[in-house]
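coords_38.cif (mmCIF, C-alpha atoms) appears below.
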data_final
#
loop_
_atom_site.group_PDB
_atom_site.id
_atom_site.type_symbol
_atom_site.label_atom_id
_atom_site.label_comp_id
_atom_site.auth_asym_id
_atom_site.auth_seq_id
_atom_site.Cartn_x
_atom_site.Cartn_y
_atom_site.Cartn_z
ATOM 1 C CA VAL A 1 -44.772 -28.096 46.008
ATOM 2 C CA VAL A 2 -43.391 -31.314 44.544
ATOM 3 C CA VAL A 3 -40.289 -32.763 46.114
ATOM 4 C CA ALA A 4 -37.320 -32.498 43.733
ATOM 5 C CA GLY A 5 -37.032 -36.287 43.661
ATOM 6 C CA GLU A 6 -40.613 -36.594 42.447
ATOM 7 C CA LEU A 7 -39.955 -34.278 39.528
ATOM 8 C CA ALA A 8 -36.822 -36.250 38.641
ATOM 9 C CA ARG A 9 -38.771 -39.523 38.839
ATOM 10 C CA ALA A 10 -41.577 -38.185 36.635
ATOM 11 C CA VAL A 11 -39.140 -36.772 34.068
ATOM 12 C CA GLY A 12 -37.419 -40.173 34.000
ATOM 13 C CA VAL A 13 -40.732 -41.946 33.365
ATOM 14 C CA VAL A 14 -41.647 -39.611 30.495
ATOM 15 C CA VAL A 15 -38.164 -39.780 28.934
ATOM 16 C CA HIS A 16 -38.117 -43.593 29.160
ATOM 17 C CA ARG A 17 -41.544 -43.740 27.516
ATOM 18 C CA GLU A 18 -40.450 -41.430 24.696
ATOM 19 C CA LEU A 19 -37.205 -43.349 24.087
ATOM 20 C CA GLU A 20 -39.234 -46.565 23.983
ATOM 21 C CA ARG A 21 -41.544 -44.947 21.403
ATOM 22 C CA CYS A 22 -38.533 -43.963 19.257
ATOM 23 C CA VAL A 23 -37.345 -47.571 19.126
ATOM 24 C CA ALA A 24 -40.837 -49.001 18.583
ATOM 25 C CA THR A 25 -41.668 -46.651 15.708
ATOM 26 C CA GLY A 26 -38.170 -46.535 14.253
ATOM 27 C CA VAL A 27 -38.544 -42.744 14.025
ATOM 28 C CA LEU A 28 -36.302 -40.255 15.782
ATOM 29 C CA PRO A 29 -38.066 -36.951 16.356
ATOM 30 C CA SER A 30 -36.652 -33.741 14.941
ATOM 31 C CA ILE A 31 -35.977 -30.758 17.176
ATOM 32 C CA ASP A 32 -39.184 -29.232 15.786
ATOM 33 C CA ASP A 33 -41.068 -32.424 16.730
ATOM 34 C CA LEU A 34 -39.780 -32.135 20.294
ATOM 35 C CA GLN A 35 -40.936 -28.534 20.532
ATOM 36 C CA ALA A 36 -44.325 -29.450 19.055
ATOM 37 C CA SER A 37 -44.706 -32.186 21.697
ATOM 38 C CA ARG A 38 -44.248 -29.884 24.710
ATOM 39 C CA ASP A 39 -47.979 -29.959 25.550
ATOM 40 C CA ALA A 40 -47.980 -33.760 25.396
ATOM 41 C CA TYR A 41 -44.980 -33.880 27.727
ATOM 42 C CA ALA A 42 -46.757 -31.488 30.106
ATOM 43 C CA ARG A 43 -49.838 -33.747 30.132
ATOM 44 C CA ALA A 44 -47.653 -36.791 30.765
ATOM 45 C CA LEU A 45 -45.936 -35.048 33.691
ATOM 46 C CA ARG A 46 -49.303 -34.013 35.142
ATOM 47 C CA ALA A 47 -50.430 -37.645 34.823
ATOM 48 C CA GLU A 48 -47.358 -38.558 36.896
ATOM 49 C CA GLY A 49 -48.563 -36.224 39.656
ATOM 50 C CA ILE A 50 -46.431 -33.171 38.974
ATOM 51 C CA ALA A 51 -48.014 -29.893 40.085
ATOM 52 C CA ARG A 52 -48.673 -27.156 37.536
ATOM 53 C CA ASP A 53 -45.961 -24.885 38.966
ATOM 54 C CA GLU A 54 -43.327 -27.567 38.297
ATOM 55 C CA ILE A 55 -44.526 -28.583 34.824
ATOM 56 C CA ASP A 56 -42.490 -26.060 32.818
ATOM 57 C CA LEU A 57 -39.243 -27.150 34.476
ATOM 58 C CA GLY A 58 -40.146 -30.795 33.893
ATOM 59 C CA VAL A 59 -40.952 -30.187 30.227
ATOM 60 C CA GLU A 60 -37.613 -28.395 29.783
ATOM 61 C CA ARG A 61 -35.802 -31.429 31.215
ATOM 62 C CA VAL A 62 -37.742 -33.888 29.040
ATOM 63 C CA VAL A 63 -37.015 -31.861 25.895
ATOM 64 C CA ALA A 64 -33.353 -31.454 26.892
ATOM 65 C CA ALA A 65 -32.941 -35.196 27.482
ATOM 66 C CA LEU A 66 -34.559 -36.164 24.194
ATOM 67 C CA ARG A 67 -32.703 -33.486 22.241
ATOM 68 C CA SER A 68 -29.382 -34.505 23.750
ATOM 69 C CA THR A 69 -30.052 -38.139 22.864
ATOM 70 C CA ILE A 70 -31.006 -37.548 19.238
ATOM 71 C CA GLU A 71 -28.097 -35.142 18.741
ATOM 72 C CA ASP A 72 -25.639 -37.688 20.173
ATOM 73 C CA GLU A 73 -24.227 -40.307 17.786
ATOM 74 C CA ARG A 74 -24.165 -42.961 20.516
ATOM 75 C CA GLY A 75 -27.685 -41.981 21.623
ATOM 76 C CA ARG A 76 -28.975 -42.544 18.097
ATOM 77 C CA TRP A 77 -27.153 -45.895 17.988
ATOM 78 C CA VAL A 78 -28.947 -46.957 21.177
ATOM 79 C CA LEU A 79 -32.322 -46.074 19.615
ATOM 80 C CA VAL A 80 -32.022 -47.626 16.156
ATOM 81 C CA ARG A 81 -33.284 -51.162 15.576
ATOM 82 C CA HIS A 82 -30.834 -54.042 16.014
ATOM 83 C CA GLU A 83 -30.895 -57.834 15.961
ATOM 84 C CA ASP A 84 -32.961 -59.409 18.802
ATOM 85 C CA ASP A 85 -34.154 -55.921 19.641
ATOM 86 C CA ARG A 86 -36.019 -55.296 22.924
ATOM 87 C CA VAL A 87 -37.206 -52.283 24.895
ATOM 88 C CA GLU A 88 -38.526 -52.243 28.451
ATOM 89 C CA TRP A 89 -38.035 -56.001 28.507
ATOM 90 C CA ALA A 90 -39.460 -57.575 31.681
ATOM 91 C CA LEU A 91 -37.888 -60.897 32.685
ATOM 92 C CA THR A 92 -38.193 -63.129 35.725
ATOM 93 C CA GLY A 93 -35.728 -65.834 36.692
ATOM 94 C CA ILE A 94 -33.414 -67.142 39.366
ATOM 95 C CA TYR A 95 -30.559 -64.844 40.334
ATOM 96 C CA GLU A 96 -28.210 -65.855 43.140
ATOM 97 C CA GLY A 97 -30.680 -68.535 44.191
ATOM 98 C CA VAL A 98 -33.675 -66.181 44.494
ATOM 99 C CA VAL A 99 -36.552 -65.481 42.116
ATOM 100 C CA SER A 100 -35.872 -62.048 40.676
ATOM 101 C CA SER A 101 -37.669 -59.782 38.216
ATOM 102 C CA ILE A 102 -35.987 -57.124 36.113
ATOM 103 C CA VAL A 103 -36.875 -54.674 33.357
ATOM 104 C CA MET A 104 -34.116 -53.951 30.846
ATOM 105 C CA ASP A 105 -34.516 -50.520 29.262
ATOM 106 C CA ARG A 106 -32.712 -51.626 26.113
ATOM 107 C CA CYS A 107 -31.314 -54.964 24.975
ATOM 108 C CA PHE A 108 -30.087 -55.991 21.529
ATOM 109 C CA VAL A 109 -27.384 -57.846 19.646
ATOM 110 C CA GLU A 110 -24.905 -56.073 17.393
ATOM 111 C CA ASP A 111 -21.750 -57.584 15.906
ATOM 112 C CA ASN A 112 -22.368 -60.751 17.944
ATOM 113 C CA VAL A 113 -22.405 -58.845 21.254
ATOM 114 C CA ARG A 114 -25.533 -58.639 23.387
ATOM 115 C CA TRP A 115 -25.872 -55.126 24.780
ATOM 116 C CA VAL A 116 -27.871 -54.300 27.898
ATOM 117 C CA ILE A 117 -28.288 -50.553 28.316
ATOM 118 C CA ASP A 118 -29.951 -48.821 31.231
ATOM 119 C CA TYR A 119 -31.119 -45.233 30.880
ATOM 120 C CA LYS A 120 -30.337 -42.884 33.756
ATOM 121 C CA THR A 121 -31.953 -39.469 33.667
ATOM 122 C CA SER A 122 -29.675 -38.200 36.428
ATOM 123 C CA ARG A 123 -28.606 -34.590 36.199
ATOM 124 C CA HIS A 124 -25.127 -33.397 36.982
ATOM 125 C CA GLU A 125 -24.320 -29.942 38.225
ATOM 126 C CA GLY A 126 -20.772 -29.095 39.053
ATOM 127 C CA ALA A 127 -17.309 -29.356 37.651
ATOM 128 C CA ASP A 128 -16.279 -33.004 37.652
ATOM 129 C CA LEU A 129 -18.530 -34.829 35.190
ATOM 130 C CA GLU A 130 -16.114 -37.758 34.824
ATOM 131 C CA GLN A 131 -16.083 -38.353 38.588
ATOM 132 C CA PHE A 132 -19.888 -38.211 38.617
ATOM 133 C CA LEU A 133 -20.058 -40.807 35.821
ATOM 134 C CA LEU A 134 -17.630 -43.115 37.639
ATOM 135 C CA ALA A 135 -19.722 -42.818 40.818
ATOM 136 C CA GLN A 136 -22.866 -43.655 38.835
ATOM 137 C CA ALA A 137 -21.135 -46.705 37.334
ATOM 138 C CA GLU A 138 -20.282 -47.952 40.824
ATOM 139 C CA ARG A 139 -23.756 -47.198 42.130
ATOM 140 C CA TYR A 140 -25.488 -49.126 39.335
ATOM 141 C CA ARG A 141 -22.908 -51.915 38.808
ATOM 142 C CA PRO A 142 -24.861 -54.424 41.000
ATOM 143 C CA GLN A 143 -28.037 -53.768 38.993
ATOM 144 C CA LEU A 144 -26.171 -54.197 35.707
ATOM 145 C CA GLN A 145 -24.513 -57.397 37.014
ATOM 146 C CA ARG A 146 -27.974 -58.837 37.637
ATOM 147 C CA TYR A 147 -29.133 -57.764 34.172
ATOM 148 C CA ALA A 148 -26.009 -59.282 32.597
ATOM 149 C CA ALA A 149 -26.637 -62.587 34.384
ATOM 150 C CA PHE A 150 -30.116 -62.706 32.831
ATOM 151 C CA ALA A 151 -28.768 -61.648 29.415
ATOM 152 C CA ARG A 152 -26.125 -64.406 29.386
ATOM 153 C CA ARG A 153 -28.966 -66.962 29.399
ATOM 154 C CA LEU A 154 -30.512 -65.459 26.257
ATOM 155 C CA GLY A 155 -27.908 -66.634 23.778
ATOM 156 C CA PRO A 156 -24.271 -67.482 23.159
ATOM 157 C CA GLN A 157 -23.113 -63.896 22.649
ATOM 158 C CA PRO A 158 -20.813 -62.148 25.094
ATOM 159 C CA VAL A 159 -22.714 -59.541 27.114
ATOM 160 C CA LYS A 160 -21.758 -55.904 27.556
ATOM 161 C CA THR A 161 -23.608 -53.478 29.806
ATOM 162 C CA ALA A 162 -23.782 -49.715 29.754
ATOM 163 C CA LEU A 163 -25.506 -46.726 31.251
ATOM 164 C CA TYR A 164 -26.866 -44.063 28.930
ATOM 165 C CA PHE A 165 -27.491 -40.586 30.348
ATOM 166 C CA PRO A 166 -30.008 -38.811 28.076
ATOM 167 C CA LEU A 167 -29.652 -35.450 29.850
ATOM 168 C CA LEU A 168 -25.890 -35.579 29.458
ATOM 169 C CA GLY A 169 -25.678 -37.290 26.070
ATOM 170 C CA ARG A 170 -23.193 -39.719 27.604
ATOM 171 C CA PHE A 171 -22.771 -43.467 27.115
ATOM 172 C CA LEU A 172 -20.761 -45.326 29.725
ATOM 173 C CA GLU A 173 -19.848 -48.978 29.348
ATOM 174 C CA VAL A 174 -19.785 -50.698 32.761
ATOM 175 C CA GLU A 175 -17.755 -53.850 33.323
ATOM 176 C CA THR A 176 -19.848 -56.570 34.997
ATOM 177 C CA GLN A 177 -17.657 -59.680 34.778
#

Can I see the file as structure tokens?
Amino acid sequence: VVVAGELARAVGVVVHRELERCVATGVLPSIDDLQASRDAYARALRAEGIARDEIDLGVERVVAALRSTIEDERGRWVLVRHEDDRVEWALTGIYEGVVSSIVMDRCFVEDNVRWVIDYKTSRHEGADLEQFLLAQAERYRPQLQRYAAFARRLGPQPVKTALYFPLLGRFLEVETQ
């Protein structure tokens, strides 16, 4: 039996890969496309080490995350092409005096603002979604501060950072100044 964290990790990998493909191709899948891709998602989860008895649950989460994203206006905005558009952008540089490497899930410029957006495939079960989102913002603020420091060196634009939760269809701007 796969540990729950392993399934979550694998779902995150597959969702990230599919969101990257959406940006790269400039094509957002339809709901029918998502359903037609279930076998491909199952193969991708198996390639990530997920056991057969966990595959169906994983596929449901992948489809739910992608569906939620393409049905969400802000999710679609994250995926369309923008100026200086990057996905899964690996950078290395000096941060706080130490060589550091990062991978930005999404980075682009729109209306003279450089956006750095990190996907989080976290699930939330329970009543207080807003409290969960605030806790996630605090948890990931140091990571986003590091990303913002790198992004400020890329051009003169002000930098904004955000978390995007594909499973929740929620976009959360996170202050990093």

Selection result of the PyMOL selection byres ((chain A and resi 27) around 12) on this file, as a CSV table (one decimal) with C-alpha atoms, in the frame of the given file:
chain,number,residue,atom,x,y,z
A,18,GLU,CA,-40.4,-41.4,24.7
A,19,LEU,CA,-37.2,-43.3,24.1
A,20,GLU,CA,-39.2,-46.6,24.0
A,21,ARG,CA,-41.5,-44.9,21.4
A,22,CYS,CA,-38.5,-44.0,19.3
A,23,VAL,CA,-37.3,-47.6,19.1
A,24,ALA,CA,-40.8,-49.0,18.6
A,25,THR,CA,-41.7,-46.7,15.7
A,26,GLY,CA,-38.2,-46.5,14.3
A,28,LEU,CA,-36.3,-40.3,15.8
A,29,PRO,CA,-38.1,-37.0,16.4
A,30,SER,CA,-36.7,-33.7,14.9
A,33,ASP,CA,-41.1,-32.4,16.7
A,70,ILE,CA,-31.0,-37.5,19.2
A,76,ARG,CA,-29.0,-42.5,18.1
A,79,LEU,CA,-32.3,-46.1,19.6
A,80,VAL,CA,-32.0,-47.6,16.2
A,81,ARG,CA,-33.3,-51.2,15.6

Interatomic distance (Å, one decimal) between atom CA of A:Leu144 and atom CA of A:Leu91: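 The value is 13.8 Å.
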
Residue neighbourhood A:Val113, 9 Å, only C-alpha atoms, exclusion window fewer than 3 positions, as a VMD selection string: chain A and resid 108 to 110 157 to 160

Protein, DNA and RNA residues within 8 Å of (-38.3, -61.3, 36.5), all atoms listed in the file, as a list in words: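 Answer for this query, in the requested form: Ala90, Leu91, Thr92, Gly93, Val99, Ser100, Ser101, Ile102 and Val103 of chain A.
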
Minimum-distance residue to A:Tyr41, chosen among A:Glu125, A:Glu175, A:Glu60, A:Glu96 (using only C-alpha atoms):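 Among the listed residues, the smallest separation from A:Tyr41 belongs to A:Glu60.
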
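Distances from A:Ala148, A:Asp111, A:Gly169, A:Val11 to A:Gly58 were compared using all atoms listed in the file, and the smallest one belongs to A:Val11.
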
Residues near A:Ser122, cut-off 9 Å, only C-alpha atoms, skip fewer than 3 positions along chain, as a PyMOL selection string: chain A and resi 8+12+165-168

Evaluate the PyMOL selection byres ((chain A and resi 87) around 7) and report residues as a list of chain:residue names: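 Checking the PyMOL selection byres ((chain A and resi 87) around 7) against this file, the residues are A:Glu20, A:Arg86, A:Glu88, A:Trp89, A:Met104, A:Asp105, A:Arg106, A:Cys107.
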
Interatomic distance, atom CA of A:Ser37 to atom CA of A:His124 (Å, one decimal):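 According to the coordinates, atom CA of A:Ser37 and atom CA of A:His124 are separated by 24.9 Å.
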
A:Ala10 environment, 6 Å, only C-alpha atoms, sequence neighbours closer than 3 positions dropped, as number ranges by chain: A: 7, 13, 48

Exercise: residues within 12 Å of coordinate (-44.6, -32.8, 38.4), counting all atoms listed in the file, as a VMD selection string: chain A and resid 1 to 14 41 to 62

Atom CA of A:Trp115 to atom CA of A:Ala162, distance in Å rounded to a single decimal: 7.6 Å

Best match for closeness to A:Phe132 among A:Leu172, A:Val116, A:Ala40, A:Leu66, counting all atoms listed in the file: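 Checking each candidate against A:Phe132, we get A:Leu172 as the closest.
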
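Restricting the calculation to only C-alpha atoms, the smallest distance between A:Gly75 and any of A:Val63, A:Gly126, A:Tyr164, A:Tyr140 is found for A:Tyr164.
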
Provide stretch 26-86 of chain A of the preceding structure as a file containing C-alpha atoms, as a PDB file, in the first residue's frame.
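The new file decode-v9.pdb reads:
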ATOM      1  CA  GLY A  26      -1.389  26.882 -25.835  1.00  0.00           C
ATOM      2  CA  VAL A  27      -4.318  24.439 -25.698  1.00  0.00           C
ATOM      3  CA  LEU A  28      -6.582  23.966 -22.705  1.00  0.00           C
ATOM      4  CA  PRO A  29      -8.169  20.526 -22.685  1.00  0.00           C
ATOM      5  CA  SER A  30     -11.931  20.139 -22.694  1.00  0.00           C
ATOM      6  CA  ILE A  31     -13.683  18.071 -20.049  1.00  0.00           C
ATOM      7  CA  ASP A  32     -14.015  15.332 -22.682  1.00  0.00           C
ATOM      8  CA  ASP A  33     -10.248  15.533 -23.311  1.00  0.00           C
ATOM      9  CA  LEU A  34      -9.597  15.041 -19.599  1.00  0.00           C
ATOM     10  CA  GLN A  35     -11.831  11.983 -19.504  1.00  0.00           C
ATOM     11  CA  ALA A  36     -10.181  10.592 -22.643  1.00  0.00           C
ATOM     12  CA  SER A  37      -6.757  11.014 -20.995  1.00  0.00           C
ATOM     13  CA  ARG A  38      -7.552   8.920 -17.902  1.00  0.00           C
ATOM     14  CA  ASP A  39      -5.464   5.969 -19.153  1.00  0.00           C
ATOM     15  CA  ALA A  40      -2.515   8.280 -19.808  1.00  0.00           C
ATOM     16  CA  TYR A  41      -2.818   9.705 -16.297  1.00  0.00           C
ATOM     17  CA  ALA A  42      -2.936   6.162 -14.890  1.00  0.00           C
ATOM     18  CA  ARG A  43       0.256   5.265 -16.789  1.00  0.00           C
ATOM     19  CA  ALA A  44       1.941   8.433 -15.537  1.00  0.00           C
ATOM     20  CA  LEU A  45       0.984   7.612 -11.936  1.00  0.00           C
ATOM     21  CA  ARG A  46       2.279   4.051 -12.330  1.00  0.00           C
ATOM     22  CA  ALA A  47       5.536   5.505 -13.688  1.00  0.00           C
ATOM     23  CA  GLU A  48       5.723   7.543 -10.467  1.00  0.00           C
ATOM     24  CA  GLY A  49       5.548   4.315  -8.449  1.00  0.00           C
ATOM     25  CA  ILE A  50       1.887   4.284  -7.489  1.00  0.00           C
ATOM     26  CA  ALA A  51       0.459   0.801  -6.927  1.00  0.00           C
ATOM     27  CA  ARG A  52      -2.458  -0.407  -9.038  1.00  0.00           C
ATOM     28  CA  ASP A  53      -4.895  -0.295  -6.104  1.00  0.00           C
ATOM     29  CA  GLU A  54      -4.233   3.439  -5.664  1.00  0.00           C
ATOM     30  CA  ILE A  55      -4.311   4.395  -9.353  1.00  0.00           C
ATOM     31  CA  ASP A  56      -8.052   5.074  -9.631  1.00  0.00           C
ATOM     32  CA  LEU A  57      -7.975   7.489  -6.692  1.00  0.00           C
ATOM     33  CA  GLY A  58      -4.917   9.205  -8.157  1.00  0.00           C
ATOM     34  CA  VAL A  59      -6.538   9.548 -11.580  1.00  0.00           C
ATOM     35  CA  GLU A  60      -9.648  11.056  -9.963  1.00  0.00           C
ATOM     36  CA  ARG A  61      -7.474  13.667  -8.232  1.00  0.00           C
ATOM     37  CA  VAL A  62      -5.541  14.487 -11.416  1.00  0.00           C
ATOM     38  CA  VAL A  63      -8.766  14.914 -13.404  1.00  0.00           C
ATOM     39  CA  ALA A  64     -10.333  16.972 -10.596  1.00  0.00           C
ATOM     40  CA  ALA A  65      -7.311  19.286 -10.402  1.00  0.00           C
ATOM     41  CA  LEU A  66      -7.161  19.844 -14.148  1.00  0.00           C
ATOM     42  CA  ARG A  67     -10.923  20.283 -14.453  1.00  0.00           C
ATOM     43  CA  SER A  68     -10.996  22.761 -11.592  1.00  0.00           C
ATOM     44  CA  THR A  69      -8.176  24.747 -13.189  1.00  0.00           C
ATOM     45  CA  ILE A  70      -9.702  24.979 -16.657  1.00  0.00           C
ATOM     46  CA  GLU A  71     -13.125  25.829 -15.225  1.00  0.00           C
ATOM     47  CA  ASP A  72     -11.630  28.618 -13.090  1.00  0.00           C
ATOM     48  CA  GLU A  73     -11.171  32.034 -14.724  1.00  0.00           C
ATOM     49  CA  ARG A  74      -7.976  32.696 -12.760  1.00  0.00           C
ATOM     50  CA  GLY A  75      -6.709  29.178 -13.529  1.00  0.00           C
ATOM     51  CA  ARG A  76      -7.127  29.817 -17.249  1.00  0.00           C
ATOM     52  CA  TRP A  77      -5.339  33.164 -16.853  1.00  0.00           C
ATOM     53  CA  VAL A  78      -2.379  31.377 -15.252  1.00  0.00           C
ATOM     54  CA  LEU A  79      -2.196  28.958 -18.206  1.00  0.00           C
ATOM     55  CA  VAL A  80      -2.520  31.311 -21.175  1.00  0.00           C
ATOM     56  CA  ARG A  81       0.614  32.703 -22.811  1.00  0.00           C
ATOM     57  CA  HIS A  82       1.970  36.033 -21.562  1.00  0.00           C
ATOM     58  CA  GLU A  83       4.981  38.260 -22.163  1.00  0.00           C
ATOM     59  CA  ASP A  84       8.327  36.702 -21.067  1.00  0.00           C
ATOM     60  CA  ASP A  85       6.446  33.473 -20.501  1.00  0.00           C
ATOM     61  CA  ARG A  86       8.139  30.598 -18.625  1.00  0.00           C
TER      62      ARG A  86
END
